[in-house]
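Report on one structure; see the data block that follows.
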Amino acid sequence: MSSRTRRSGALVALVALFTAGYLAPYLLPTVVGRLSAGLGLTPTRAGLVGSVLLLGSSTAGFTLAARGERIAPRRAARAGLLAMAVGYGSAAATGLVPLVVAGAVLGGLGSGTATAVAVAGIAGRRDPHRASTLGLLSVSATAGALYLALPHVGGGHTPPLLAIACAAVLVWPVTSRLPALPRGVRETTAASGPLPHRRSGAVLAGGILCWSLAQNALWGVSGRIGLTQAGLSEVTVGAVFAAALGAGLAGVTAAGALGPRLGRAVPIGAGTVTIAGCVLLSSTARDLATFATGEILWNAVYPVVLSYLLGLAASLDPRGRWAVTVGAASSLGVACGPAAGSLLSAGAGYPAMGLTLCTLLLLVAAPMTAVARHAHTSTAGLTVTAVRVRSSARRPTRSSFGLARPSDRG
């Protein structure tokens, strides 16, 4: 098998794994809504169950971030998919709240493991932005199709959880294309070295935690806003969400076509400001037009900014350590989002919640943009240095100038 075929197969596996791992956060509104309606939980308690599910995901991400060099991608991916299938499947099969919560936690741990393996592999590719864009395209298309289908397959909490479990089962076969050995074993000639860009990475991790929390606080209650405040039916809300995720496909496609032409600072900064306005619009919606406009525009911009944030994290460390850490921080923000949204909306109402979240997004836009500008400058300088060294070195290796060999990045 040629190296190009192997790289292509690995990319397919990473995109599929990324899709399975991110599916639970993308289906969060319908999961929380179905838990509330199907199990008789209050909206706040349903939001807490959603937060517990996603907290398991972030816990797995942080754990693997510290041990990524010693974990075999294929084995870790299969363990994560197995946990997803068993956890979400068992939660879908019972109506007992404690068992549903236990299954959701196990499934969340599996989702986080699958996502961590995927983002670490994406960070090591020649073009991590393109790979993350393909992953976001795939998960947006899958979630959009499910939002159209789920309202027609009965009520209760079973359908969305069972759909996530089935996704894990379907992705399992492609894990055979992932490396069987840990990166530390496959790259015995390269020491992992200290974690680079610590200040920038820490700022980015903290920023994306707040960024994800703000958006998923609204995302977790968007279904209830559409049903109660805007007075829409579940079918109509599902159609709006499907259209919104379809707009996300268009946005990510545009981001993939643009690539690095605009840099990362402009998409991250301007995109976050746009998202803040959409959050405020959606939270104040009282009719279909306003609700659909806010949700569709928001979801068109959100994956674009996320793709640049993931690419930025990957650029800080080609070995994927910052990519996994930032991904786990994002998952932690996602995990806290449903509870924060439920508590804020219950205590102050949806419009006040939207104003609070809009303010938080505007506050984190500046430091994340600054990291993007600094990282662009640092990467440009590193590239020039690498080119000069290559021109004079007789046998360039990773240890000679700190860059991954081409074979390491594919």
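Chain labels run A, B, ... following the order of the structure tokens; each chain numbers its residues from 1, and ligands are numbered from 1 in the order shown.
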Hey, which bits of range 155-265 of chain A sit within 8 Å of range 131-136 of chain A, and for each residue what's the closest pair of atoms and how far apart in Å (one decimal), counting only C-alpha atoms, rows by chain and increasing number, as a Markdown table?
| residue | atom | partner | partner_atom | distance |
| --- | --- | --- | --- | --- |
| A:Leu249 | CA | A:Leu136 | CA | 7.9 |
| A:Val252 | CA | A:Thr133 | CA | 6.1 |
| A:Thr253 | CA | A:Thr133 | CA | 7.5 |
| A:Ala255 | CA | A:Thr133 | CA | 7.6 |
| A:Gly256 | CA | A:Thr133 | CA | 6.1 |
Note to self: Excluding Ala265 in chain A and its own-chain neighbours fewer than 6 positions away, which residues fall within 6 Å of it when counting only C-alpha atoms? Please give them as a list in words.
What the structure shows: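 Counting only C-alpha atoms, the residues come to Thr369, Ala372 and Arg373 of chain A.
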Please write the residues from the selection above to a file, keeping N, CA, C and O atoms, as a compact mmCIF listing (two decimals), in the first residue's frame.
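Here's the written file part04.txt:
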# COMPACT_ATOMS: atom_id res chain seq x y z
N THR A 369 -8.13 36.47 19.67
CA THR A 369 -7.60 37.11 18.46
C THR A 369 -6.12 37.44 18.62
O THR A 369 -5.32 37.28 17.69
N ALA A 372 -4.07 34.39 18.11
CA ALA A 372 -4.00 34.06 16.69
C ALA A 372 -2.97 34.92 15.97
O ALA A 372 -2.21 34.44 15.13
N ARG A 373 -2.93 36.21 16.29
CA ARG A 373 -1.95 37.11 15.67
C ARG A 373 -0.54 36.74 16.08
O ARG A 373 0.38 36.70 15.26
Note to self: To test your reading of the structure, identify every residue in range 45-202 of chain A that backbone DSSP assigns to alpha helix (DSSP H), and report it as a VMD selection string.
What the structure shows: chain A and resid 45 to 67 73 to 93 97 to 123 128 to 149 158 to 171 183 to 186 198 to 202
Next item on the list: Tell me, as a PyMOL selection string, which residues lie within 7 Å of Pro73 in chain A, counting only C-alpha atoms; anything in the same chain fewer than 3 positions away does not count.
Entry: chain A and resi 76-77+117+178-180+182
Generate the output file for the selected residues, N, CA, C and O atoms, as a tab-separated table (two decimals), in the first residue's frame.
chain	number	residue	atom	x	y	z
A	76	ALA	N	-7.25	3.23	21.72
A	76	ALA	CA	-8.00	4.27	22.42
A	76	ALA	C	-9.30	4.59	21.69
A	76	ALA	O	-10.35	4.77	22.31
A	77	ALA	N	-9.23	4.66	20.35
A	77	ALA	CA	-10.44	4.95	19.58
A	77	ALA	C	-11.49	3.86	19.77
A	77	ALA	O	-12.68	4.16	19.96
A	117	VAL	N	-8.62	11.42	20.39
A	117	VAL	CA	-7.82	10.69	19.41
A	117	VAL	C	-7.90	11.37	18.04
A	117	VAL	O	-6.89	11.52	17.34
A	178	LEU	N	-6.21	3.32	11.71
A	178	LEU	CA	-5.42	4.13	12.64
A	178	LEU	C	-4.16	3.39	13.06
A	178	LEU	O	-4.13	2.15	13.05
A	179	PRO	N	-3.12	4.10	13.48
A	179	PRO	CA	-1.89	3.44	13.93
A	179	PRO	C	-2.14	2.54	15.14
A	179	PRO	O	-2.92	2.89	16.04
A	180	ALA	N	-1.48	1.41	15.16
A	180	ALA	CA	-1.65	0.46	16.26
A	180	ALA	C	-0.73	0.75	17.43
A	180	ALA	O	-0.97	0.27	18.55
A	182	PRO	N	1.59	3.52	19.95
A	182	PRO	CA	1.63	4.91	20.41
A	182	PRO	C	2.64	5.71	19.62
A	182	PRO	O	3.62	5.17	19.09
Note to self: Quick one: residues within 6 Å of range 209-224 of chain A, only C-alpha atoms, excluding same-chain residues fewer than 2 positions away - as a list in words?
What the structure shows: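 Here the answer would be Leu28, Pro29, Gly206, Gly207, Gly226, Leu227, Thr228, Ala329, Ser330, Gly333, Val334, Gly337, Pro338, Ala340, Gly341, Leu357 and Leu361 of chain A.
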Selected residues written out, N, CA, C and O atoms, as a PDB file, in the first residue's frame:
ATOM      1  N   LEU A  28     -27.261  18.163  21.356  1.00  0.00           N
ATOM      2  CA  LEU A  28     -27.580  18.526  22.736  1.00  0.00           C
ATOM      3  C   LEU A  28     -28.996  19.087  22.910  1.00  0.00           C
ATOM      4  O   LEU A  28     -29.696  18.690  23.848  1.00  0.00           O
ATOM      5  N   PRO A  29     -29.472  20.014  22.062  1.00  0.00           N
ATOM      6  CA  PRO A  29     -30.823  20.545  22.296  1.00  0.00           C
ATOM      7  C   PRO A  29     -31.909  19.472  22.302  1.00  0.00           C
ATOM      8  O   PRO A  29     -32.791  19.474  23.162  1.00  0.00           O
ATOM      9  N   GLY A 206      -8.252  28.800  27.975  1.00  0.00           N
ATOM     10  CA  GLY A 206      -9.210  29.517  28.802  1.00  0.00           C
ATOM     11  C   GLY A 206     -10.258  30.246  27.981  1.00  0.00           C
ATOM     12  O   GLY A 206     -11.448  30.267  28.327  1.00  0.00           O
ATOM     13  N   GLY A 207      -9.820  30.836  26.868  1.00  0.00           N
ATOM     14  CA  GLY A 207     -10.757  31.552  26.010  1.00  0.00           C
ATOM     15  C   GLY A 207     -11.781  30.642  25.376  1.00  0.00           C
ATOM     16  O   GLY A 207     -12.973  30.951  25.341  1.00  0.00           O
ATOM     17  N   GLY A 226     -37.512  27.963  21.111  1.00  0.00           N
ATOM     18  CA  GLY A 226     -38.364  27.815  19.940  1.00  0.00           C
ATOM     19  C   GLY A 226     -39.758  27.317  20.295  1.00  0.00           C
ATOM     20  O   GLY A 226     -40.763  27.791  19.743  1.00  0.00           O
ATOM     21  N   LEU A 227     -39.835  26.370  21.242  1.00  0.00           N
ATOM     22  CA  LEU A 227     -41.122  25.778  21.592  1.00  0.00           C
ATOM     23  C   LEU A 227     -41.973  26.693  22.456  1.00  0.00           C
ATOM     24  O   LEU A 227     -43.186  26.830  22.239  1.00  0.00           O
ATOM     25  N   THR A 228     -41.362  27.325  23.455  1.00  0.00           N
ATOM     26  CA  THR A 228     -42.134  28.092  24.438  1.00  0.00           C
ATOM     27  C   THR A 228     -42.186  29.584  24.127  1.00  0.00           C
ATOM     28  O   THR A 228     -43.262  30.179  24.078  1.00  0.00           O
ATOM     29  N   ALA A 329     -10.698  21.570  26.884  1.00  0.00           N
ATOM     30  CA  ALA A 329     -11.218  22.802  27.475  1.00  0.00           C
ATOM     31  C   ALA A 329     -12.532  23.207  26.813  1.00  0.00           C
ATOM     32  O   ALA A 329     -13.476  23.648  27.490  1.00  0.00           O
ATOM     33  N   SER A 330     -12.596  23.039  25.502  1.00  0.00           N
ATOM     34  CA  SER A 330     -13.841  23.323  24.799  1.00  0.00           C
ATOM     35  C   SER A 330     -14.951  22.391  25.271  1.00  0.00           C
ATOM     36  O   SER A 330     -16.088  22.820  25.492  1.00  0.00           O
ATOM     37  N   GLY A 333     -16.275  23.565  28.559  1.00  0.00           N
ATOM     38  CA  GLY A 333     -17.210  24.663  28.366  1.00  0.00           C
ATOM     39  C   GLY A 333     -18.554  24.177  27.854  1.00  0.00           C
ATOM     40  O   GLY A 333     -19.609  24.628  28.311  1.00  0.00           O
ATOM     41  N   VAL A 334     -18.507  23.233  26.906  1.00  0.00           N
ATOM     42  CA  VAL A 334     -19.741  22.635  26.391  1.00  0.00           C
ATOM     43  C   VAL A 334     -20.502  21.951  27.518  1.00  0.00           C
ATOM     44  O   VAL A 334     -21.734  22.037  27.616  1.00  0.00           O
ATOM     45  N   GLY A 337     -22.239  24.382  29.707  1.00  0.00           N
ATOM     46  CA  GLY A 337     -23.205  25.196  28.993  1.00  0.00           C
ATOM     47  C   GLY A 337     -24.659  24.903  29.307  1.00  0.00           C
ATOM     48  O   GLY A 337     -25.418  25.823  29.653  1.00  0.00           O
ATOM     49  N   PRO A 338     -25.124  23.630  29.208  1.00  0.00           N
ATOM     50  CA  PRO A 338     -26.547  23.365  29.462  1.00  0.00           C
ATOM     51  C   PRO A 338     -26.994  23.786  30.860  1.00  0.00           C
ATOM     52  O   PRO A 338     -28.071  24.363  31.019  1.00  0.00           O
ATOM     53  N   ALA A 340     -25.548  26.072  32.789  1.00  0.00           N
ATOM     54  CA  ALA A 340     -25.513  27.535  32.862  1.00  0.00           C
ATOM     55  C   ALA A 340     -26.712  28.144  32.150  1.00  0.00           C
ATOM     56  O   ALA A 340     -27.354  29.075  32.662  1.00  0.00           O
ATOM     57  N   GLY A 341     -27.031  27.634  30.959  1.00  0.00           N
ATOM     58  CA  GLY A 341     -28.177  28.155  30.231  1.00  0.00           C
ATOM     59  C   GLY A 341     -29.487  27.923  30.959  1.00  0.00           C
ATOM     60  O   GLY A 341     -30.350  28.820  31.023  1.00  0.00           O
ATOM     61  N   LEU A 357     -24.589  36.163  27.901  1.00  0.00           N
ATOM     62  CA  LEU A 357     -23.723  35.334  27.063  1.00  0.00           C
ATOM     63  C   LEU A 357     -23.076  36.153  25.956  1.00  0.00           C
ATOM     64  O   LEU A 357     -21.905  35.923  25.603  1.00  0.00           O
ATOM     65  N   LEU A 361     -18.968  36.545  25.287  1.00  0.00           N
ATOM     66  CA  LEU A 361     -18.324  36.286  23.995  1.00  0.00           C
ATOM     67  C   LEU A 361     -17.493  37.474  23.535  1.00  0.00           C
ATOM     68  O   LEU A 361     -16.386  37.314  23.004  1.00  0.00           O
TER      69      LEU A 361
END
Notebook entry, point to check: Using only C-alpha atoms, which of A:Thr175, A:Ser90, A:Pro128, A:Ser58 sits nearest Arg74 in chain A?
Noted result: A:Thr175
Next item on the list: Counting only C-alpha atoms, figure out which residue out of A:Thr63, A:Ser140, A:Ser282, A:Ser8 gets nearest to Arg177 in chain A.
Entry: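 With only C-alpha atoms as the atom set, the closest residue is A:Ser8.
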Next item on the list: Could you please determine the separation between CA of Thr59 in chain A and CA of Gly201 in chain A in Å, to one decimal place?
Entry: 18.4 Å
Notebook entry, point to check: A:Phe291, A:Tyr350, A:Tyr147, A:Trp172: which is nearest Ala20 in chain A, counting only C-alpha atoms?
Noted result: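 Checking each of A:Phe291, A:Tyr350, A:Tyr147, A:Trp172 against Ala20 in chain A, counting only C-alpha atoms, the winner is A:Trp172.
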Notebook entry, point to check: In terms of the shortest atom-to-atom distance over only C-alpha atoms, which of A:Leu343, A:Leu280, A:Ala145, A:Leu258 is closest to Ala163 in chain A?
Noted result: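 Under the stated criterion, the closest residue is A:Ala145.
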Could you make a table, as JSON lines, of the residues of range 103-132 of chain A that have an atom within 10 Å of an atom of range 308-328 of chain A, each with its nearest atom pair and distance in Å to one decimal, counting only C-alpha atoms, in chain and number order?
{"residue": "A:Gly112", "atom": "CA", "partner": "A:Ala328", "partner_atom": "CA", "distance": 7.7}
{"residue": "A:Thr113", "atom": "CA", "partner": "A:Ala328", "partner_atom": "CA", "distance": 9.8}
{"residue": "A:Thr115", "atom": "CA", "partner": "A:Gly327", "partner_atom": "CA", "distance": 8.0}
{"residue": "A:Ala116", "atom": "CA", "partner": "A:Val324", "partner_atom": "CA", "distance": 5.5}
{"residue": "A:Val117", "atom": "CA", "partner": "A:Val324", "partner_atom": "CA", "distance": 8.1}
{"residue": "A:Ala118", "atom": "CA", "partner": "A:Val324", "partner_atom": "CA", "distance": 8.9}
{"residue": "A:Val119", "atom": "CA", "partner": "A:Val324", "partner_atom": "CA", "distance": 6.2}
{"residue": "A:Ala120", "atom": "CA", "partner": "A:Gly320", "partner_atom": "CA", "distance": 4.6}
{"residue": "A:Gly121", "atom": "CA", "partner": "A:Gly320", "partner_atom": "CA", "distance": 7.2}
{"residue": "A:Ile122", "atom": "CA", "partner": "A:Ala314", "partner_atom": "CA", "distance": 7.8}
{"residue": "A:Ala123", "atom": "CA", "partner": "A:Ala314", "partner_atom": "CA", "distance": 4.6}
{"residue": "A:Gly124", "atom": "CA", "partner": "A:Pro318", "partner_atom": "CA", "distance": 5.4}
{"residue": "A:Arg125", "atom": "CA", "partner": "A:Pro318", "partner_atom": "CA", "distance": 8.2}
{"residue": "A:Arg126", "atom": "CA", "partner": "A:Pro318", "partner_atom": "CA", "distance": 9.3}
{"residue": "A:Asp127", "atom": "CA", "partner": "A:Gly311", "partner_atom": "CA", "distance": 8.5}
{"residue": "A:Pro128", "atom": "CA", "partner": "A:Gly311", "partner_atom": "CA", "distance": 5.7}
{"residue": "A:His129", "atom": "CA", "partner": "A:Gly311", "partner_atom": "CA", "distance": 4.8}
{"residue": "A:Arg130", "atom": "CA", "partner": "A:Gly311", "partner_atom": "CA", "distance": 8.5}
{"residue": "A:Ala131", "atom": "CA", "partner": "A:Gly311", "partner_atom": "CA", "distance": 9.0}
{"residue": "A:Ser132", "atom": "CA", "partner": "A:Leu310", "partner_atom": "CA", "distance": 7.0}
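Among A:Val31, A:Leu54, A:Leu288, A:Val203, the residue with the shortest atom-to-atom distance to Gly231 in chain A, counting only C-alpha atoms, is A:Leu288.
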